[in-house]
>>> print(open('upload.txt').read())   # compact mmCIF, N, CA and C atoms
# COMPACT_ATOMS: atom_id res chain seq x y z
N VAL A 214 -99.94 -21.53 45.52
CA VAL A 214 -98.88 -21.78 46.48
C VAL A 214 -97.55 -21.91 45.74
N GLN A 215 -96.55 -21.21 46.25
CA GLN A 215 -95.20 -21.33 45.70
C GLN A 215 -94.32 -22.03 46.73
N LEU A 216 -93.51 -22.95 46.25
CA LEU A 216 -92.62 -23.71 47.13
C LEU A 216 -91.18 -23.43 46.75
N GLN A 217 -90.35 -23.20 47.75
CA GLN A 217 -88.94 -22.91 47.54
C GLN A 217 -88.12 -23.87 48.38
N ALA A 218 -87.45 -24.80 47.72
CA ALA A 218 -86.62 -25.77 48.42
C ALA A 218 -85.18 -25.29 48.50
N SER A 219 -84.51 -25.66 49.57
CA SER A 219 -83.10 -25.28 49.76
C SER A 219 -82.43 -26.30 50.68
N GLY A 220 -81.12 -26.20 50.79
CA GLY A 220 -80.38 -27.04 51.72
C GLY A 220 -79.59 -28.15 51.08
N GLY A 221 -79.71 -28.32 49.78
CA GLY A 221 -78.94 -29.36 49.12
C GLY A 221 -77.47 -29.01 49.09
N GLY A 222 -76.66 -29.98 48.66
CA GLY A 222 -75.23 -29.74 48.57
C GLY A 222 -74.47 -31.03 48.36
N LEU A 223 -73.17 -30.94 48.54
CA LEU A 223 -72.28 -32.09 48.39
C LEU A 223 -71.88 -32.58 49.77
N VAL A 224 -72.02 -33.87 50.01
CA VAL A 224 -71.69 -34.43 51.31
C VAL A 224 -71.08 -35.80 51.11
N GLN A 225 -70.24 -36.20 52.03
CA GLN A 225 -69.64 -37.53 51.94
C GLN A 225 -70.62 -38.58 52.45
N ALA A 226 -70.44 -39.79 51.97
CA ALA A 226 -71.27 -40.90 52.44
C ALA A 226 -71.20 -40.98 53.96
N GLY A 227 -72.36 -41.21 54.57
CA GLY A 227 -72.44 -41.25 56.02
C GLY A 227 -72.78 -39.91 56.65
N GLY A 228 -72.72 -38.86 55.84
CA GLY A 228 -72.99 -37.53 56.35
C GLY A 228 -74.47 -37.21 56.41
N SER A 229 -74.76 -35.95 56.75
CA SER A 229 -76.14 -35.50 56.92
C SER A 229 -76.39 -34.19 56.20
N LEU A 230 -77.62 -33.98 55.83
CA LEU A 230 -78.08 -32.72 55.26
C LEU A 230 -79.51 -32.48 55.74
N ARG A 231 -79.88 -31.22 55.80
CA ARG A 231 -81.26 -30.88 56.14
C ARG A 231 -81.83 -30.01 55.03
N LEU A 232 -82.84 -30.51 54.37
CA LEU A 232 -83.52 -29.75 53.33
C LEU A 232 -84.68 -28.99 53.93
N SER A 233 -84.93 -27.81 53.38
CA SER A 233 -86.06 -27.00 53.81
C SER A 233 -86.91 -26.65 52.60
N CYS A 234 -88.18 -26.48 52.84
CA CYS A 234 -89.09 -26.08 51.76
C CYS A 234 -90.10 -25.10 52.34
N ALA A 235 -89.99 -23.86 51.92
CA ALA A 235 -90.86 -22.81 52.42
C ALA A 235 -92.00 -22.58 51.43
N ALA A 236 -93.22 -22.53 51.95
CA ALA A 236 -94.39 -22.28 51.12
C ALA A 236 -94.82 -20.83 51.29
N SER A 237 -95.11 -20.20 50.19
CA SER A 237 -95.59 -18.82 50.23
C SER A 237 -96.87 -18.71 49.40
N GLY A 238 -97.53 -17.59 49.56
CA GLY A 238 -98.77 -17.39 48.84
C GLY A 238 -99.96 -18.05 49.48
N VAL A 239 -99.77 -18.47 50.73
CA VAL A 239 -100.85 -19.12 51.46
C VAL A 239 -100.70 -18.76 52.93
N THR A 240 -101.82 -18.60 53.60
CA THR A 240 -101.76 -18.22 55.01
C THR A 240 -101.39 -19.40 55.88
N LEU A 241 -101.99 -20.53 55.60
CA LEU A 241 -101.76 -21.71 56.43
C LEU A 241 -101.87 -22.94 55.55
N ILE A 242 -100.88 -23.80 55.66
CA ILE A 242 -100.89 -25.05 54.91
C ILE A 242 -101.83 -26.04 55.60
N THR A 243 -102.80 -26.56 54.88
CA THR A 243 -103.67 -27.58 55.44
C THR A 243 -103.68 -28.85 54.61
N ASP A 244 -102.90 -28.87 53.54
CA ASP A 244 -102.79 -30.07 52.72
C ASP A 244 -101.58 -30.89 53.17
N ASN A 245 -101.48 -32.09 52.61
CA ASN A 245 -100.34 -32.94 52.92
C ASN A 245 -99.10 -32.46 52.19
N MET A 246 -97.95 -32.66 52.80
CA MET A 246 -96.70 -32.19 52.22
C MET A 246 -95.70 -33.33 52.19
N GLY A 247 -94.80 -33.27 51.21
CA GLY A 247 -93.84 -34.35 51.13
C GLY A 247 -92.66 -34.00 50.25
N TRP A 248 -91.78 -34.98 50.12
CA TRP A 248 -90.56 -34.85 49.32
C TRP A 248 -90.49 -35.98 48.31
N PHE A 249 -90.09 -35.62 47.10
CA PHE A 249 -89.81 -36.57 46.04
C PHE A 249 -88.36 -36.37 45.62
N ARG A 250 -87.85 -37.31 44.85
CA ARG A 250 -86.52 -37.12 44.28
C ARG A 250 -86.49 -37.73 42.89
N GLN A 251 -85.53 -37.24 42.11
CA GLN A 251 -85.39 -37.73 40.75
C GLN A 251 -83.92 -37.82 40.40
N THR A 252 -83.54 -38.93 39.80
CA THR A 252 -82.21 -39.10 39.26
C THR A 252 -82.32 -39.16 37.74
N PRO A 253 -81.24 -38.84 37.02
CA PRO A 253 -81.31 -38.82 35.56
C PRO A 253 -81.84 -40.13 34.98
N GLY A 254 -82.80 -40.01 34.09
CA GLY A 254 -83.33 -41.17 33.43
C GLY A 254 -84.37 -41.94 34.20
N LYS A 255 -84.69 -41.46 35.39
CA LYS A 255 -85.68 -42.16 36.20
C LYS A 255 -86.85 -41.24 36.50
N GLU A 256 -87.97 -41.87 36.86
CA GLU A 256 -89.14 -41.09 37.24
C GLU A 256 -88.96 -40.53 38.65
N HIS A 257 -89.76 -39.52 38.95
CA HIS A 257 -89.78 -39.01 40.32
C HIS A 257 -90.25 -40.14 41.25
N GLU A 258 -89.62 -40.24 42.40
CA GLU A 258 -90.05 -41.24 43.37
C GLU A 258 -90.27 -40.56 44.71
N ILE A 259 -91.26 -41.04 45.43
CA ILE A 259 -91.56 -40.42 46.71
C ILE A 259 -90.50 -40.83 47.74
N VAL A 260 -90.14 -39.88 48.56
CA VAL A 260 -89.17 -40.11 49.63
C VAL A 260 -89.90 -40.19 50.97
N ALA A 261 -90.66 -39.15 51.27
CA ALA A 261 -91.37 -39.08 52.54
C ALA A 261 -92.51 -38.09 52.41
N ALA A 262 -93.53 -38.28 53.24
CA ALA A 262 -94.65 -37.35 53.24
C ALA A 262 -95.36 -37.44 54.58
N HIS A 263 -96.08 -36.37 54.91
CA HIS A 263 -96.92 -36.45 56.09
C HIS A 263 -98.10 -35.50 55.97
N THR A 264 -99.08 -35.78 56.83
CA THR A 264 -100.25 -34.95 56.86
C THR A 264 -99.88 -33.58 57.40
N TRP A 265 -100.71 -32.59 57.11
CA TRP A 265 -100.38 -31.25 57.54
C TRP A 265 -100.26 -31.16 59.06
N SER A 266 -100.99 -32.03 59.76
CA SER A 266 -100.90 -32.04 61.22
C SER A 266 -99.62 -32.71 61.70
N GLY A 267 -98.98 -33.46 60.82
CA GLY A 267 -97.78 -34.20 61.20
C GLY A 267 -98.05 -35.51 61.90
N ARG A 268 -99.32 -35.87 62.05
CA ARG A 268 -99.66 -37.06 62.84
C ARG A 268 -99.43 -38.34 62.07
N VAL A 269 -99.56 -38.29 60.77
CA VAL A 269 -99.39 -39.50 59.96
C VAL A 269 -98.24 -39.25 59.00
N THR A 270 -97.33 -40.20 58.95
CA THR A 270 -96.11 -40.05 58.15
C THR A 270 -95.90 -41.27 57.28
N TYR A 271 -95.35 -41.04 56.11
CA TYR A 271 -94.99 -42.13 55.20
C TYR A 271 -93.52 -41.97 54.83
N TYR A 272 -92.80 -43.08 54.83
CA TYR A 272 -91.42 -43.11 54.36
C TYR A 272 -91.26 -44.26 53.39
N SER A 273 -90.56 -43.99 52.31
CA SER A 273 -90.20 -45.08 51.42
C SER A 273 -89.21 -45.99 52.12
N ASP A 274 -89.23 -47.26 51.74
CA ASP A 274 -88.38 -48.23 52.42
C ASP A 274 -86.91 -47.85 52.37
N PHE A 275 -86.49 -47.21 51.29
CA PHE A 275 -85.06 -46.93 51.14
C PHE A 275 -84.56 -45.79 52.03
N VAL A 276 -85.47 -45.10 52.74
CA VAL A 276 -85.02 -44.03 53.63
C VAL A 276 -85.46 -44.25 55.08
N LYS A 277 -86.23 -45.29 55.34
CA LYS A 277 -86.69 -45.54 56.70
C LYS A 277 -85.52 -45.67 57.65
N GLY A 278 -85.63 -44.98 58.77
CA GLY A 278 -84.58 -45.02 59.77
C GLY A 278 -83.43 -44.06 59.51
N ARG A 279 -83.40 -43.45 58.34
CA ARG A 279 -82.32 -42.52 58.00
C ARG A 279 -82.81 -41.09 57.80
N PHE A 280 -84.00 -40.94 57.26
CA PHE A 280 -84.56 -39.62 56.98
C PHE A 280 -85.73 -39.35 57.91
N ALA A 281 -85.96 -38.06 58.17
CA ALA A 281 -87.10 -37.67 58.99
C ALA A 281 -87.73 -36.42 58.42
N ILE A 282 -89.04 -36.45 58.24
CA ILE A 282 -89.77 -35.30 57.73
C ILE A 282 -90.46 -34.59 58.89
N SER A 283 -90.47 -33.28 58.82
CA SER A 283 -91.13 -32.50 59.87
C SER A 283 -91.64 -31.20 59.27
N THR A 284 -92.51 -30.55 59.99
CA THR A 284 -93.10 -29.30 59.50
C THR A 284 -93.17 -28.28 60.62
N ASP A 285 -92.88 -27.06 60.27
CA ASP A 285 -93.10 -25.94 61.18
C ASP A 285 -94.30 -25.19 60.61
N ASN A 286 -95.46 -25.43 61.18
CA ASN A 286 -96.68 -24.85 60.62
C ASN A 286 -96.67 -23.32 60.72
N ALA A 287 -96.04 -22.79 61.76
CA ALA A 287 -95.99 -21.34 61.91
C ALA A 287 -95.21 -20.69 60.79
N LYS A 288 -94.26 -21.41 60.24
CA LYS A 288 -93.43 -20.89 59.16
C LYS A 288 -93.84 -21.43 57.80
N ASN A 289 -94.87 -22.28 57.75
CA ASN A 289 -95.26 -22.93 56.49
C ASN A 289 -94.06 -23.56 55.81
N THR A 290 -93.28 -24.27 56.57
CA THR A 290 -92.04 -24.86 56.07
C THR A 290 -92.00 -26.34 56.42
N VAL A 291 -91.61 -27.15 55.45
CA VAL A 291 -91.41 -28.58 55.68
C VAL A 291 -89.93 -28.89 55.54
N TYR A 292 -89.45 -29.79 56.37
CA TYR A 292 -88.03 -30.13 56.41
C TYR A 292 -87.84 -31.61 56.09
N LEU A 293 -86.67 -31.93 55.62
CA LEU A 293 -86.27 -33.32 55.45
C LEU A 293 -84.87 -33.45 56.02
N GLN A 294 -84.78 -34.06 57.18
CA GLN A 294 -83.48 -34.32 57.80
C GLN A 294 -82.97 -35.64 57.26
N MET A 295 -81.83 -35.60 56.60
CA MET A 295 -81.27 -36.78 55.97
C MET A 295 -79.98 -37.15 56.68
N SER A 296 -79.91 -38.37 57.15
CA SER A 296 -78.73 -38.85 57.85
C SER A 296 -78.24 -40.14 57.20
N SER A 297 -77.03 -40.53 57.55
CA SER A 297 -76.44 -41.76 57.00
C SER A 297 -76.61 -41.81 55.48
N LEU A 298 -76.28 -40.71 54.85
CA LEU A 298 -76.48 -40.60 53.40
C LEU A 298 -75.59 -41.58 52.64
N ARG A 299 -76.13 -42.04 51.52
CA ARG A 299 -75.45 -43.01 50.66
C ARG A 299 -75.30 -42.42 49.27
N PRO A 300 -74.33 -42.88 48.51
CA PRO A 300 -74.20 -42.38 47.13
C PRO A 300 -75.49 -42.53 46.32
N GLU A 301 -76.25 -43.57 46.57
CA GLU A 301 -77.50 -43.77 45.83
C GLU A 301 -78.60 -42.78 46.22
N ASP A 302 -78.37 -41.97 47.26
CA ASP A 302 -79.31 -40.91 47.59
C ASP A 302 -79.09 -39.67 46.73
N THR A 303 -78.05 -39.68 45.92
CA THR A 303 -77.78 -38.56 45.03
C THR A 303 -78.95 -38.37 44.08
N ALA A 304 -79.50 -37.17 44.08
CA ALA A 304 -80.69 -36.87 43.27
C ALA A 304 -81.04 -35.40 43.42
N ILE A 305 -81.98 -34.97 42.62
CA ILE A 305 -82.61 -33.67 42.84
C ILE A 305 -83.85 -33.93 43.70
N TYR A 306 -83.95 -33.21 44.78
CA TYR A 306 -85.04 -33.40 45.73
C TYR A 306 -86.06 -32.26 45.56
N TYR A 307 -87.31 -32.65 45.50
CA TYR A 307 -88.40 -31.70 45.32
C TYR A 307 -89.40 -31.81 46.47
N CYS A 308 -89.91 -30.68 46.92
CA CYS A 308 -91.00 -30.72 47.87
C CYS A 308 -92.31 -30.53 47.13
N ALA A 309 -93.37 -31.03 47.72
CA ALA A 309 -94.66 -31.00 47.05
C ALA A 309 -95.79 -30.88 48.06
N ILE A 310 -96.88 -30.34 47.59
CA ILE A 310 -98.11 -30.24 48.37
C ILE A 310 -99.23 -30.84 47.54
N ASP A 311 -100.06 -31.63 48.19
CA ASP A 311 -101.20 -32.22 47.48
C ASP A 311 -102.30 -32.51 48.49
N SER A 312 -103.54 -32.34 48.06
CA SER A 312 -104.66 -32.50 48.98
C SER A 312 -105.12 -33.94 49.13
N ARG A 313 -104.61 -34.84 48.30
CA ARG A 313 -105.08 -36.22 48.38
C ARG A 313 -104.59 -36.91 49.64
N PRO A 314 -105.36 -37.87 50.13
CA PRO A 314 -104.96 -38.58 51.36
C PRO A 314 -103.57 -39.19 51.25
N LEU A 315 -102.90 -39.28 52.36
CA LEU A 315 -101.53 -39.77 52.37
C LEU A 315 -101.41 -41.17 51.79
N ALA A 316 -102.45 -41.97 51.93
CA ALA A 316 -102.42 -43.34 51.41
C ALA A 316 -102.21 -43.36 49.89
N TYR A 317 -102.57 -42.27 49.23
CA TYR A 317 -102.43 -42.21 47.78
C TYR A 317 -101.01 -41.82 47.35
N TRP A 318 -100.27 -41.21 48.23
CA TRP A 318 -99.01 -40.61 47.84
C TRP A 318 -97.99 -41.58 47.24
N PRO A 319 -97.85 -42.80 47.76
CA PRO A 319 -96.83 -43.67 47.15
C PRO A 319 -97.07 -43.97 45.67
N ASN A 320 -98.30 -43.79 45.21
CA ASN A 320 -98.62 -44.10 43.82
C ASN A 320 -99.03 -42.86 43.02
N LEU A 321 -98.78 -41.68 43.56
CA LEU A 321 -99.15 -40.47 42.85
C LEU A 321 -98.33 -40.32 41.57
N ASP A 322 -98.99 -39.87 40.53
CA ASP A 322 -98.31 -39.49 39.29
C ASP A 322 -97.75 -38.10 39.52
N TRP A 323 -96.45 -37.98 39.41
CA TRP A 323 -95.80 -36.70 39.67
C TRP A 323 -96.45 -35.57 38.87
N LYS A 324 -96.89 -35.86 37.68
CA LYS A 324 -97.44 -34.81 36.82
C LYS A 324 -98.78 -34.29 37.34
N THR A 325 -99.39 -34.98 38.27
CA THR A 325 -100.68 -34.54 38.79
C THR A 325 -100.56 -33.92 40.19
N ILE A 326 -99.35 -33.79 40.69
CA ILE A 326 -99.14 -33.21 42.02
C ILE A 326 -99.70 -31.79 42.06
N GLY A 327 -100.34 -31.44 43.18
CA GLY A 327 -100.97 -30.14 43.30
C GLY A 327 -100.00 -28.98 43.10
N SER A 328 -98.95 -28.93 43.89
CA SER A 328 -97.96 -27.87 43.77
C SER A 328 -96.59 -28.45 44.09
N TRP A 329 -95.60 -28.01 43.39
CA TRP A 329 -94.24 -28.44 43.68
C TRP A 329 -93.29 -27.32 43.29
N GLY A 330 -92.15 -27.28 43.95
CA GLY A 330 -91.20 -26.21 43.69
C GLY A 330 -90.00 -26.71 42.90
N GLN A 331 -89.07 -25.80 42.66
CA GLN A 331 -87.85 -26.22 41.98
C GLN A 331 -87.06 -27.11 42.92
N GLY A 332 -86.29 -27.98 42.39
CA GLY A 332 -85.59 -28.93 43.22
C GLY A 332 -84.29 -28.39 43.80
N THR A 333 -83.73 -29.16 44.71
CA THR A 333 -82.43 -28.85 45.26
C THR A 333 -81.55 -30.09 45.11
N GLN A 334 -80.35 -29.88 44.60
CA GLN A 334 -79.47 -31.01 44.28
C GLN A 334 -78.77 -31.53 45.53
N VAL A 335 -78.83 -32.83 45.71
CA VAL A 335 -78.09 -33.50 46.77
C VAL A 335 -77.13 -34.47 46.11
N THR A 336 -75.85 -34.32 46.43
CA THR A 336 -74.82 -35.20 45.88
C THR A 336 -74.06 -35.84 47.02
N VAL A 337 -74.03 -37.16 47.03
CA VAL A 337 -73.34 -37.90 48.08
C VAL A 337 -72.15 -38.61 47.45
N SER A 338 -70.96 -38.28 47.91
CA SER A 338 -69.75 -38.88 47.37
C SER A 338 -69.36 -40.10 48.19
N SER A 339 -68.76 -41.06 47.51
CA SER A 339 -68.37 -42.30 48.21
C SER A 339 -66.98 -42.19 48.79
>>> encode(input="upload.txt", output="structure tokens")
Amino acid sequence: VQLQASGGGLVQAGGSLRLSCAASGVTLITDNMGWFRQTPGKEHEIVAAHTWSGRVTYYSDFVKGRFAISTDNAKNTVYLQMSSLRPEDTAIYYCAIDSRPLAYWPNLDWKTIGSWGQGTQVTVSS
């Protein structure tokens, strides 16, 4: 599976962005999908994830109420709608696919993630 993330950019604090991640090389996504982010000098941290059906969702505390993850199964694409952005949201955002249950995702070792694509830079100015 190849993942291609897009939609990053420069936005002012309080603004919004929508990230997209298209999966190719697979007919239908049946694994869990999510978003991580990384800032310089820090480890990758999970932002949001959900089951392939979209029925179960996880959000890190720092994005609850501001970000929303969704999937278009027909397009094999996962989205991250980001609102009320803050300067501390500045990071490179990565999408990922992994078959492990969603309960495991908050503690996943980034290096063991099933598939992940190149990141997209999000910069929030104050």
>>> atom_distance(input="upload.txt", atom1="CA of Thr290 (chain A)", atom2="CA of Ser338 (chain A)")
27.7 Å
>>> select_by_dssp(input="upload.txt", residues="region 248-307 of chain A", states="helix (DSSP H, G or I)", output="list in words")
Asn286, Ala287, Lys288, Pro300, Glu301 and Asp302 of chain A
>>> closest_residue(input="upload.txt", among="A:His257, A:Arg313, A:Lys277, A:Lys288", to="Asn245 (chain A)", atoms="all atoms listed in the file")
A:Arg313
>>> residues_around(input="upload.txt", residues="Ala218 (chain A)", least_positions_apart="4", cutoff="6 Å", atoms="only N, CA and C atoms", output="PyMOL selection string")
chain A and resi 233-235+330-333
>>> residues_around(input="upload.txt", residues="region 278-280 of chain A", least_positions_apart="5", cutoff="6.5 Å", atoms="only N, CA and C atoms", output="PyMOL selection string")
chain A and resi 293-297
>>> atom_distance(input="upload.txt", atom1="CA of Ala309 (chain A)", atom2="CA of Thr336 (chain A)")
20.3 Å
>>> closest_residue(input="upload.txt", among="A:Tyr272, A:Trp248, A:Tyr292, A:Trp318", to="Ala304 (chain A)", atoms="only C-alpha atoms")
A:Trp248
>>> build_atoms(input="upload.txt", residues="region 294-305 of chain A", atoms="all heavy atoms", output="PDB file, in the coordinates of the input")
ATOM      1  N   GLN A 294     -84.780 -34.060  57.180  1.00  0.00           N
ATOM      2  CA  GLN A 294     -83.480 -34.320  57.800  1.00  0.00           C
ATOM      3  C   GLN A 294     -82.970 -35.640  57.260  1.00  0.00           C
ATOM      4  O   GLN A 294     -83.605 -36.679  57.437  1.00  0.00           O
ATOM      5  CB  GLN A 294     -83.616 -34.382  59.318  1.00  0.00           C
ATOM      6  CG  GLN A 294     -82.319 -34.685  60.042  1.00  0.00           C
ATOM      7  CD  GLN A 294     -81.301 -33.572  59.911  1.00  0.00           C
ATOM      8  OE1 GLN A 294     -81.602 -32.405  60.134  1.00  0.00           O
ATOM      9  NE2 GLN A 294     -80.074 -33.940  59.527  1.00  0.00           N
ATOM     10  N   MET A 295     -81.830 -35.600  56.600  1.00  0.00           N
ATOM     11  CA  MET A 295     -81.270 -36.780  55.970  1.00  0.00           C
ATOM     12  C   MET A 295     -79.980 -37.150  56.680  1.00  0.00           C
ATOM     13  O   MET A 295     -79.068 -36.326  56.767  1.00  0.00           O
ATOM     14  CB  MET A 295     -81.013 -36.525  54.475  1.00  0.00           C
ATOM     15  CG  MET A 295     -82.245 -36.022  53.726  1.00  0.00           C
ATOM     16  SD  MET A 295     -81.966 -35.884  51.948  1.00  0.00           S
ATOM     17  CE  MET A 295     -80.741 -34.579  51.929  1.00  0.00           C
ATOM     18  N   SER A 296     -79.910 -38.370  57.150  1.00  0.00           N
ATOM     19  CA  SER A 296     -78.730 -38.850  57.850  1.00  0.00           C
ATOM     20  C   SER A 296     -78.240 -40.140  57.200  1.00  0.00           C
ATOM     21  O   SER A 296     -78.968 -40.766  56.431  1.00  0.00           O
ATOM     22  CB  SER A 296     -79.054 -39.101  59.325  1.00  0.00           C
ATOM     23  OG  SER A 296     -79.556 -37.940  59.943  1.00  0.00           O
ATOM     24  N   SER A 297     -77.030 -40.530  57.550  1.00  0.00           N
ATOM     25  CA  SER A 297     -76.440 -41.760  57.000  1.00  0.00           C
ATOM     26  C   SER A 297     -76.610 -41.810  55.480  1.00  0.00           C
ATOM     27  O   SER A 297     -77.027 -42.818  54.903  1.00  0.00           O
ATOM     28  CB  SER A 297     -77.092 -42.997  57.632  1.00  0.00           C
ATOM     29  OG  SER A 297     -76.928 -42.995  59.036  1.00  0.00           O
ATOM     30  N   LEU A 298     -76.280 -40.710  54.850  1.00  0.00           N
ATOM     31  CA  LEU A 298     -76.480 -40.600  53.400  1.00  0.00           C
ATOM     32  C   LEU A 298     -75.590 -41.580  52.640  1.00  0.00           C
ATOM     33  O   LEU A 298     -74.460 -41.871  53.045  1.00  0.00           O
ATOM     34  CB  LEU A 298     -76.219 -39.171  52.946  1.00  0.00           C
ATOM     35  CG  LEU A 298     -77.367 -38.204  53.259  1.00  0.00           C
ATOM     36  CD1 LEU A 298     -76.905 -36.754  53.194  1.00  0.00           C
ATOM     37  CD2 LEU A 298     -78.522 -38.421  52.278  1.00  0.00           C
ATOM     38  N   ARG A 299     -76.130 -42.040  51.520  1.00  0.00           N
ATOM     39  CA  ARG A 299     -75.450 -43.010  50.660  1.00  0.00           C
ATOM     40  C   ARG A 299     -75.300 -42.420  49.270  1.00  0.00           C
ATOM     41  O   ARG A 299     -76.113 -41.564  48.875  1.00  0.00           O
ATOM     42  CB  ARG A 299     -76.266 -44.298  50.596  1.00  0.00           C
ATOM     43  CG  ARG A 299     -76.602 -44.922  51.942  1.00  0.00           C
ATOM     44  CD  ARG A 299     -77.668 -45.979  51.806  1.00  0.00           C
ATOM     45  NE  ARG A 299     -78.015 -46.583  53.093  1.00  0.00           N
ATOM     46  CZ  ARG A 299     -79.082 -47.370  53.284  1.00  0.00           C
ATOM     47  NH1 ARG A 299     -79.891 -47.637  52.269  1.00  0.00           N
ATOM     48  NH2 ARG A 299     -79.300 -47.878  54.479  1.00  0.00           N
ATOM     49  N   PRO A 300     -74.330 -42.880  48.510  1.00  0.00           N
ATOM     50  CA  PRO A 300     -74.200 -42.380  47.130  1.00  0.00           C
ATOM     51  C   PRO A 300     -75.490 -42.530  46.320  1.00  0.00           C
ATOM     52  O   PRO A 300     -75.801 -41.675  45.487  1.00  0.00           O
ATOM     53  CB  PRO A 300     -73.071 -43.234  46.562  1.00  0.00           C
ATOM     54  CG  PRO A 300     -72.224 -43.548  47.760  1.00  0.00           C
ATOM     55  CD  PRO A 300     -73.218 -43.758  48.876  1.00  0.00           C
ATOM     56  N   GLU A 301     -76.250 -43.570  46.570  1.00  0.00           N
ATOM     57  CA  GLU A 301     -77.500 -43.770  45.830  1.00  0.00           C
ATOM     58  C   GLU A 301     -78.600 -42.780  46.220  1.00  0.00           C
ATOM     59  O   GLU A 301     -79.662 -42.748  45.580  1.00  0.00           O
ATOM     60  CB  GLU A 301     -78.012 -45.205  45.992  1.00  0.00           C
ATOM     61  CG  GLU A 301     -78.174 -45.662  47.423  1.00  0.00           C
ATOM     62  CD  GLU A 301     -76.979 -46.445  47.928  1.00  0.00           C
ATOM     63  OE1 GLU A 301     -75.822 -46.057  47.592  1.00  0.00           O
ATOM     64  OE2 GLU A 301     -77.191 -47.434  48.679  1.00  0.00           O
ATOM     65  N   ASP A 302     -78.370 -41.970  47.260  1.00  0.00           N
ATOM     66  CA  ASP A 302     -79.310 -40.910  47.590  1.00  0.00           C
ATOM     67  C   ASP A 302     -79.090 -39.670  46.730  1.00  0.00           C
ATOM     68  O   ASP A 302     -79.865 -38.710  46.811  1.00  0.00           O
ATOM     69  CB  ASP A 302     -79.168 -40.512  49.066  1.00  0.00           C
ATOM     70  CG  ASP A 302     -79.588 -41.612  50.023  1.00  0.00           C
ATOM     71  OD1 ASP A 302     -80.612 -42.274  49.757  1.00  0.00           O
ATOM     72  OD2 ASP A 302     -78.884 -41.806  51.032  1.00  0.00           O
ATOM     73  N   THR A 303     -78.050 -39.680  45.920  1.00  0.00           N
ATOM     74  CA  THR A 303     -77.780 -38.560  45.030  1.00  0.00           C
ATOM     75  C   THR A 303     -78.950 -38.370  44.080  1.00  0.00           C
ATOM     76  O   THR A 303     -79.353 -39.284  43.361  1.00  0.00           O
ATOM     77  CB  THR A 303     -76.490 -38.799  44.236  1.00  0.00           C
ATOM     78  OG1 THR A 303     -75.389 -38.830  45.142  1.00  0.00           O
ATOM     79  CG2 THR A 303     -76.279 -37.695  43.205  1.00  0.00           C
ATOM     80  N   ALA A 304     -79.500 -37.170  44.080  1.00  0.00           N
ATOM     81  CA  ALA A 304     -80.690 -36.870  43.270  1.00  0.00           C
ATOM     82  C   ALA A 304     -81.040 -35.400  43.420  1.00  0.00           C
ATOM     83  O   ALA A 304     -80.472 -34.695  44.257  1.00  0.00           O
ATOM     84  CB  ALA A 304     -81.867 -37.728  43.709  1.00  0.00           C
ATOM     85  N   ILE A 305     -81.980 -34.970  42.620  1.00  0.00           N
ATOM     86  CA  ILE A 305     -82.610 -33.670  42.840  1.00  0.00           C
ATOM     87  C   ILE A 305     -83.850 -33.930  43.700  1.00  0.00           C
ATOM     88  O   ILE A 305     -84.691 -34.757  43.350  1.00  0.00           O
ATOM     89  CB  ILE A 305     -83.013 -32.996  41.521  1.00  0.00           C
ATOM     90  CG1 ILE A 305     -81.774 -32.759  40.654  1.00  0.00           C
ATOM     91  CG2 ILE A 305     -83.705 -31.659  41.803  1.00  0.00           C
ATOM     92  CD1 ILE A 305     -82.089 -32.212  39.279  1.00  0.00           C
TER      93      ILE A 305
END
